[in-house]
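Visitor: This is the content of my_file.pdb (PDB, C-alpha atoms):
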ATOM      1  CA  MET R   1      25.561   3.164   9.120
ATOM      2  CA  ASP R   2      28.141   3.784  11.867
ATOM      3  CA  PHE R   3      27.799   7.533  12.347
ATOM      4  CA  ASP R   4      29.942   7.960  15.461
ATOM      5  CA  GLY R   5      32.723   5.431  14.817
ATOM      6  CA  ASP R   6      31.908   3.034  17.668
ATOM      7  CA  ASN R   7      31.332   0.024  15.376
ATOM      8  CA  GLU R   8      27.599  -0.005  16.104
ATOM      9  CA  LYS R   9      24.915   0.694  13.521
ATOM     10  CA  ASP R  10      23.232   4.082  13.993
ATOM     11  CA  LEU R  11      20.238   5.745  12.354
ATOM     12  CA  ILE R  12      19.914   9.267  10.958
ATOM     13  CA  THR R  13      16.358  10.478  10.518
ATOM     14  CA  GLY R  14      14.582  13.637   9.541
ATOM     15  CA  CYS R  15      11.519  14.894  11.351
ATOM     16  CA  PHE R  16       8.505  16.732   9.979
ATOM     17  CA  GLU R  17       9.311  19.712  12.220
ATOM     18  CA  GLY R  18      12.444  20.224  10.100
ATOM     19  CA  GLY R  19      15.305  18.931  12.251
ATOM     20  CA  LEU R  20      17.761  16.074  11.738
ATOM     21  CA  TYR R  21      18.228  13.498  14.497
ATOM     22  CA  LEU R  22      20.719  10.773  15.435
ATOM     23  CA  ILE R  23      19.579   7.478  16.953
ATOM     24  CA  GLN R  24      22.727   5.818  18.288
ATOM     25  CA  GLY R  25      23.027   2.064  18.163
ATOM     26  CA  LEU R  26      23.861   0.423  21.486
ATOM     27  CA  GLY R  27      24.365  -3.118  20.206
ATOM     28  CA  ASP R  28      22.169  -6.205  20.320
ATOM     29  CA  GLY R  29      19.428  -4.380  18.431
ATOM     30  CA  GLU R  30      19.083  -1.675  21.088
ATOM     31  CA  PHE R  31      19.030   2.053  20.305
ATOM     32  CA  ALA R  32      19.368   5.221  22.361
ATOM     33  CA  THR R  33      16.821   8.014  22.560
ATOM     34  CA  PRO R  34      17.009  10.285  19.481
ATOM     35  CA  THR R  35      19.191  13.373  19.852
ATOM     36  CA  PRO R  36      19.371  16.335  17.456
ATOM     37  CA  VAL R  37      22.294  16.645  15.062
ATOM     38  CA  LEU R  38      23.865  20.058  15.660
ATOM     39  CA  ASP R  39      25.747  22.413  13.369
ATOM     40  CA  LYS R  40      29.002  24.101  14.403
ATOM     41  CA  ALA R  41      27.020  26.933  16.040
ATOM     42  CA  ASP R  42      25.273  24.355  18.263
ATOM     43  CA  ASN R  43      21.926  24.852  16.553
ATOM     44  CA  ILE R  44      19.731  21.928  15.500
ATOM     45  CA  LEU R  45      20.736  21.133  11.931
ATOM     46  CA  ARG R  46      17.865  22.231   9.718
ATOM     47  CA  LEU R  47      17.762  22.948   6.019
ATOM     48  CA  GLY R  48      15.606  26.051   6.321
ATOM     49  CA  GLN R  49      11.965  25.929   7.304
ATOM     50  CA  TYR R  50      10.939  24.440  10.635
ATOM     51  CA  TRP R  51       8.110  24.340  13.147
ATOM     52  CA  ASP R  52       8.577  26.758  16.043
ATOM     53  CA  ASP R  53       6.785  24.850  18.776
ATOM     54  CA  GLU R  54       7.041  27.675  21.307
ATOM     55  CA  ASN R  55       5.255  30.159  19.050
ATOM     56  CA  ARG R  56       3.180  27.497  17.277
ATOM     57  CA  GLU R  57       4.120  28.603  13.777
ATOM     58  CA  TRP R  58       6.256  27.707  10.792
ATOM     59  CA  THR R  59       9.364  29.833  10.449
ATOM     60  CA  GLY R  60      12.775  29.698   8.759
ATOM     61  CA  VAL R  61      16.394  29.474   9.885
ATOM     62  CA  GLU R  62      17.616  33.045  10.263
ATOM     63  CA  ASP R  63      19.899  34.221   7.427
ATOM     64  CA  SER R  64      19.470  30.941   5.510
ATOM     65  CA  GLU R  65      19.156  31.164   1.750
ATOM     66  CA  PHE R  66      16.829  28.167   1.907
ATOM     67  CA  LYS R  67      14.443  29.180   4.681
ATOM     68  CA  GLU R  68      11.424  28.381   2.467
ATOM     69  CA  TYR R  69      12.495  24.725   2.062
ATOM     70  CA  LEU R  70      11.582  22.055   4.606
ATOM     71  CA  GLY R  71      14.286  19.430   5.106
ATOM     72  CA  ILE R  72      12.846  15.967   5.716
ATOM     73  CA  CYS R  73      15.745  13.553   5.266
ATOM     74  CA  GLY R  74      19.516  13.299   5.652
ATOM     75  CA  TYR R  75      22.056  10.755   4.425
ATOM     76  CA  ALA R  76      25.548  10.626   5.970
ATOM     77  CA  VAL R  77      28.403  10.023   3.519
ATOM     78  CA  ASP R  78      31.941  11.303   2.931
ATOM     79  CA  PHE R  79      30.725  13.384   0.010
ATOM     80  CA  ASP R  80      33.928  15.427  -0.449
ATOM     81  CA  ASP R  81      36.396  12.587   0.180
ATOM     82  CA  ASP R  82      38.141  14.170   3.185
ATOM     83  CA  GLY R  83      37.664  11.335   5.669
ATOM     84  CA  ASP R  84      34.611  12.568   7.598
ATOM     85  CA  LEU R  85      30.857  12.231   7.172
ATOM     86  CA  ASP R  86      28.976  15.003   5.409
ATOM     87  CA  LEU R  87      25.204  15.105   4.972
ATOM     88  CA  VAL R  88      23.125  15.013   1.799
ATOM     89  CA  LEU R  89      19.726  16.506   2.614
ATOM     90  CA  GLY R  90      16.405  16.035   0.848
ATOM     91  CA  SER R  91      13.598  18.567   1.020
ATOM     92  CA  ASN R  92       9.836  18.274   1.076
ATOM     93  CA  GLU R  93       9.821  20.181  -2.218
ATOM     94  CA  GLY R  94      12.088  17.594  -3.909
ATOM     95  CA  TYR R  95      15.414  19.457  -3.927
ATOM     96  CA  LEU R  96      18.777  18.056  -2.780
ATOM     97  CA  PHE R  97      21.464  19.767  -0.701
ATOM     98  CA  TRP R  98      24.947  19.108   0.687
ATOM     99  CA  ARG R  99      25.905  20.077   4.242
ATOM    100  CA  GLU R 100      29.675  19.955   4.688
ATOM    101  CA  ASN R 101      31.341  18.572   7.796
ATOM    102  CA  GLU R 102      34.107  21.083   8.506
ATOM    103  CA  GLY R 103      35.371  19.057  11.459
ATOM    104  CA  SER R 104      36.290  15.394  11.620
ATOM    105  CA  ARG R 105      34.677  11.961  11.849
ATOM    106  CA  SER R 106      35.032  11.918  15.644
ATOM    107  CA  ASN R 107      34.196  15.611  16.137
ATOM    108  CA  PRO R 108      31.786  16.698  13.400
ATOM    109  CA  GLN R 109      31.365  20.426  12.835
ATOM    110  CA  TYR R 110      28.637  20.926  10.286
ATOM    111  CA  ALA R 111      28.463  24.155   8.302
ATOM    112  CA  THR R 112      25.624  26.478   9.206
ATOM    113  CA  GLU R 113      24.375  26.639   5.607
ATOM    114  CA  SER R 114      23.736  24.054   2.921
ATOM    115  CA  ILE R 115      24.886  24.024  -0.693
ATOM    116  CA  GLN R 116      22.174  23.237  -3.215
ATOM    117  CA  LEU R 117      23.050  20.463  -5.662
ATOM    118  CA  LYS R 118      22.559  21.415  -9.291
ATOM    119  CA  SER R 119      22.484  19.879 -12.734
ATOM    120  CA  GLY R 120      24.083  22.463 -14.986
ATOM    121  CA  ASP R 121      22.638  25.787 -13.898
ATOM    122  CA  GLU R 122      19.399  24.303 -12.608
ATOM    123  CA  PRO R 123      18.628  22.936  -9.136
ATOM    124  CA  LEU R 124      18.669  19.150  -8.962
ATOM    125  CA  VAL R 125      15.085  18.139  -8.215
ATOM    126  CA  THR R 126      13.650  14.629  -7.948
ATOM    127  CA  GLY R 127       9.979  15.277  -7.282
ATOM    128  CA  SER R 128       8.328  15.999  -3.947
ATOM    129  CA  HIS R 129       9.602  14.448  -0.692
ATOM    130  CA  ALA R 130      13.213  13.778  -1.763
ATOM    131  CA  MET R 131      14.768  10.904   0.217
ATOM    132  CA  PRO R 132      18.386  10.592  -1.000
ATOM    133  CA  PHE R 133      20.648   7.562  -0.866
ATOM    134  CA  VAL R 134      24.252   8.019  -2.066
ATOM    135  CA  ILE R 135      26.046   5.133  -3.788
ATOM    136  CA  ASP R 136      28.250   4.407  -6.797
ATOM    137  CA  TRP R 137      25.235   3.059  -8.689
ATOM    138  CA  ASN R 138      26.865   2.506 -12.079
ATOM    139  CA  GLY R 139      30.368   1.454 -10.985
ATOM    140  CA  ASP R 140      32.245   4.423 -12.485
ATOM    141  CA  GLY R 141      34.009   5.392  -9.244
ATOM    142  CA  LEU R 142      31.799   8.420  -8.597
ATOM    143  CA  TYR R 143      28.966   8.922  -6.165
ATOM    144  CA  ASP R 144      25.467   8.892  -7.656
ATOM    145  CA  ILE R 145      22.222   9.723  -5.873
ATOM    146  CA  LEU R 146      19.110   7.580  -5.737
ATOM    147  CA  SER R 147      16.126   9.320  -4.221
ATOM    148  CA  GLY R 148      12.706   8.184  -3.181
ATOM    149  CA  ARG R 149       9.793  10.543  -3.704
ATOM    150  CA  SER R 150       6.122  10.822  -2.881
ATOM    151  CA  ASP R 151       4.816   8.925  -5.929
ATOM    152  CA  GLY R 152       6.883   5.859  -5.035
ATOM    153  CA  ARG R 153       9.375   6.097  -7.907
ATOM    154  CA  GLN R 154      13.141   6.381  -7.417
ATOM    155  CA  PRO R 155      14.861   8.773  -9.843
ATOM    156  CA  ALA R 156      18.624   8.425 -10.294
ATOM    157  CA  ALA R 157      21.100  11.296 -10.727
ATOM    158  CA  ASP R 158      24.354  10.337 -12.403
ATOM    159  CA  HIS R 159      27.663  12.112 -11.694
ATOM    160  CA  ARG R 160      30.088  12.312 -14.606
ATOM    161  CA  ASP R 161      33.690  13.360 -14.128
ATOM    162  CA  PRO R 162      35.842  13.325 -17.279
ATOM    163  CA  LEU R 163      38.485  15.790 -16.009
ATOM    164  CA  GLY R 164      38.637  15.124 -12.296
ATOM    165  CA  GLY R 165      35.954  17.610 -11.320
ATOM    166  CA  VAL R 166      32.362  16.695 -10.686
ATOM    167  CA  ALA R 167      29.421  16.880 -13.014
ATOM    168  CA  GLY R 168      25.809  16.111 -12.312
ATOM    169  CA  ALA R 169      23.317  14.931 -14.856
ATOM    170  CA  ALA R 170      19.630  15.557 -14.400
ATOM    171  CA  PRO R 171      17.613  12.686 -12.950
ATOM    172  CA  GLY R 172      16.308  10.235 -15.474
ATOM    173  CA  PRO R 173      13.053   8.316 -15.205
ATOM    174  CA  GLY R 174      12.517   6.593 -11.899
ATOM    175  CA  VAL R 175      14.106   3.266 -11.141
ATOM    176  CA  GLY R 176      11.199   0.835 -10.947
ATOM    177  CA  GLY R 177       7.655   2.143 -11.309
ATOM    178  CA  PRO R 178       5.262   1.184 -14.094
ATOM    179  CA  ASP R 179       6.278  -0.565 -17.316
ATOM    180  CA  PRO R 180       9.681  -1.966 -16.263
ATOM    181  CA  PRO R 181      12.016  -3.259 -18.989
ATOM    182  CA  ARG R 182      11.662  -6.949 -19.849
ATOM    183  CA  ASP R 183      14.344  -9.520 -20.554
ATOM    184  CA  ASP R 184      14.147 -12.358 -23.103
ATOM    185  CA  SER R 185      13.957 -15.300 -20.715
ATOM    186  CA  GLY R 186      10.336 -15.484 -19.688
ATOM    187  CA  GLY R 187       9.085 -11.987 -19.066
ATOM    188  CA  GLU R 188      10.821 -11.155 -15.781
ATOM    189  CA  SER R 189      11.756  -7.537 -15.099
ATOM    190  CA  ALA R 190      15.336  -6.692 -16.030
ATOM    191  CA  PRO R 191      17.609  -5.218 -13.323
ATOM    192  CA  PRO R 192      17.079  -1.500 -12.743
ATOM    193  CA  GLN R 193      19.285   0.732 -14.868
ATOM    194  CA  VAL R 194      20.302   4.367 -14.611
ATOM    195  CA  SER R 195      18.696   5.976 -17.624
ATOM    196  CA  PRO R 196      20.781   8.040 -20.084
ATOM    197  CA  HIS R 197      20.735  11.751 -19.354
ATOM    198  CA  ALA R 198      20.756  14.745 -21.619
ATOM    199  CA  GLY R 199      24.280  15.767 -20.719
ATOM    200  CA  PRO R 200      26.475  16.626 -17.772
ATOM    201  CA  GLY R 201      26.557  19.980 -16.037
ATOM    202  CA  ALA R 202      28.704  21.308 -13.207
ATOM    203  CA  LEU R 203      27.685  20.342  -9.702
ATOM    204  CA  VAL R 204      28.003  23.742  -8.111
ATOM    205  CA  GLY R 205      30.339  24.312  -5.156
ATOM    206  CA  SER R 206      31.785  20.814  -5.090
ATOM    207  CA  PRO R 207      35.263  19.295  -5.404
ATOM    208  CA  GLY R 208      35.631  15.774  -6.803
ATOM    209  CA  ARG R 209      33.356  13.273  -5.098
ATOM    210  CA  ARG R 210      34.773   9.812  -5.625
ATOM    211  CA  ALA R 211      33.215   6.745  -4.163
ATOM    212  CA  PRO R 212      35.524   4.441  -2.203
ATOM    213  CA  ALA R 213      37.057   1.631  -4.250
ATOM    214  CA  ALA R 214      35.274  -1.667  -4.031
ATOM    215  CA  ALA R 215      36.909  -4.192  -1.741
TER     216      ALA R 215
END
Take the structure in the file and write it out as structure tokens.

Guide:
Amino acid sequence: MDFDGDNEKDLITGCFEGGLYLIQGLGDGEFATPTPVLDKADNILRLGQYWDDENREWTGVEDSEFKEYLGICGYAVDFDDDGDLDLVLGSNEGYLFWRENEGSRSNPQYATESIQLKSGDEPLVTGSHAMPFVIDWNGDGLYDILSGRSDGRQPAADHRDPLGGVAGAAPGPGVGGPDPPRDDSGGESAPPQVSPHAGPGALVGSPGRRAPAAA
């Protein structure tokens, strides 16, 4: 993923202390020393809870609604279709969040607070240690979320958008895991499928999130 627009592959990684870090690609398989991703107030971008190394204690981001949640992962994607890279964050507790880039691709200015992703009126939760990956999984032109979790399964959350807004369906059973579906040609596992969901619900605080058209 080219985070900074220099045509080199970069890495975004969470850290158990609660911060998000950028590892810039230098080319030829070389990478720079990790640097913290900052929000628009020049604070290390954290979901909520973090380790205060100076005082040797766990604490929470001041004034954050989510100070009890520990962010462990971030995925950069243009989630609101405005030409820059936003962040989808996963928490240790299994919840998913969106952090909007209020700046641009070349000069990111991340909001100081996250927006929790929901399915209907309920928080979207995948299981502990949510590790999101955003992709148009089912080819309907909308972003979906695949997420790893601590038991090794990969639940899928499907976005449905009949009227141009965004809807989020609750995660179905994990992609992969025990007892995969079988095909009829010799017992091989069939390709992973996004399971049907009980029904769409509004994805709170979000304009339409359309995946880029396939080339």

Visitor: Please identify all polymer residues within 8 Å of Ser91 of chain R, counting all atoms listed in the file, omitting same-chain residues fewer than 5 positions from it, and present them as a PyMOL selection string.

Guide: chain R and resi 47+69-73+96+128-131

Visitor: Do you know which residues the PyMOL selection byres ((chain R and resi 9) around 9) returns on this file, as a PyMOL selection string?

Guide: chain R and resi 1-3+6-8+10-11+24-27+29

Visitor: Rounded to one decimal place, report the atom CA of Tyr110 of chain R-atom CA of Asp84 of chain R distance in Å.

Guide: 10.6 Å

Visitor: I need the residue set behind the PyMOL selection byres ((chain R and resi 63) around 12) for this file; please write it as a VMD selection string.

Guide: chain R and resid 47 to 49 59 to 62 64 to 68 112 to 114

Visitor: Please write as a list in words the full residue list that the PyMOL selection byres ((chain R and resi 108) around 10) yields on this file.

Guide: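 Expected selection for the PyMOL selection byres ((chain R and resi 108) around 10) here is Asp4, Val37, Leu38, Asp39, Lys40, Asp84, Leu85, Asp86, Glu100, Asn101, Glu102, Gly103, Ser104, Arg105, Ser106, Asn107, Gln109, Tyr110 and Ala111 of chain R.
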
Visitor: Just the number, please: distance in Å from atom CA of Ile23 of chain R to atom CA of Ile44 of chain R, one decimal.

Guide: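 We find that atom CA of Ile23 of chain R and atom CA of Ile44 of chain R lie 14.5 Å from each other.
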
Visitor: Suppose you want the space between atom CA of Phe133 of chain R and atom CA of Leu146 of chain R; what is it in Å?

Guide: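 Atom CA of Leu146 of chain R lies 5.1 Å from atom CA of Phe133 of chain R.
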
Visitor: Counting all atoms listed in the file, which of R:Gly19, R:Gly139, R:Pro132, R:Pro123 gets nearest to Tyr75 of chain R?

Guide: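 Residue with the minimum atom-to-atom distance to Tyr75 of chain R: R:Pro132.
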
Visitor: Can you work out which one of R:Gly74, R:Asn43, R:Asp121, R:Asp53 has the shortest atom-to-atom distance to Leu22 of chain R, counting only C-alpha atoms?

Guide: R:Gly74

Visitor: Select, from R:Tyr143, R:Trp98, R:Phe31, R:Trp137, the residue with the minimum atom-to-atom distance to Arg46 of chain R, counting all atoms listed in the file.

Guide: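 Among the listed residues, the smallest separation from Arg46 of chain R belongs to R:Trp98.
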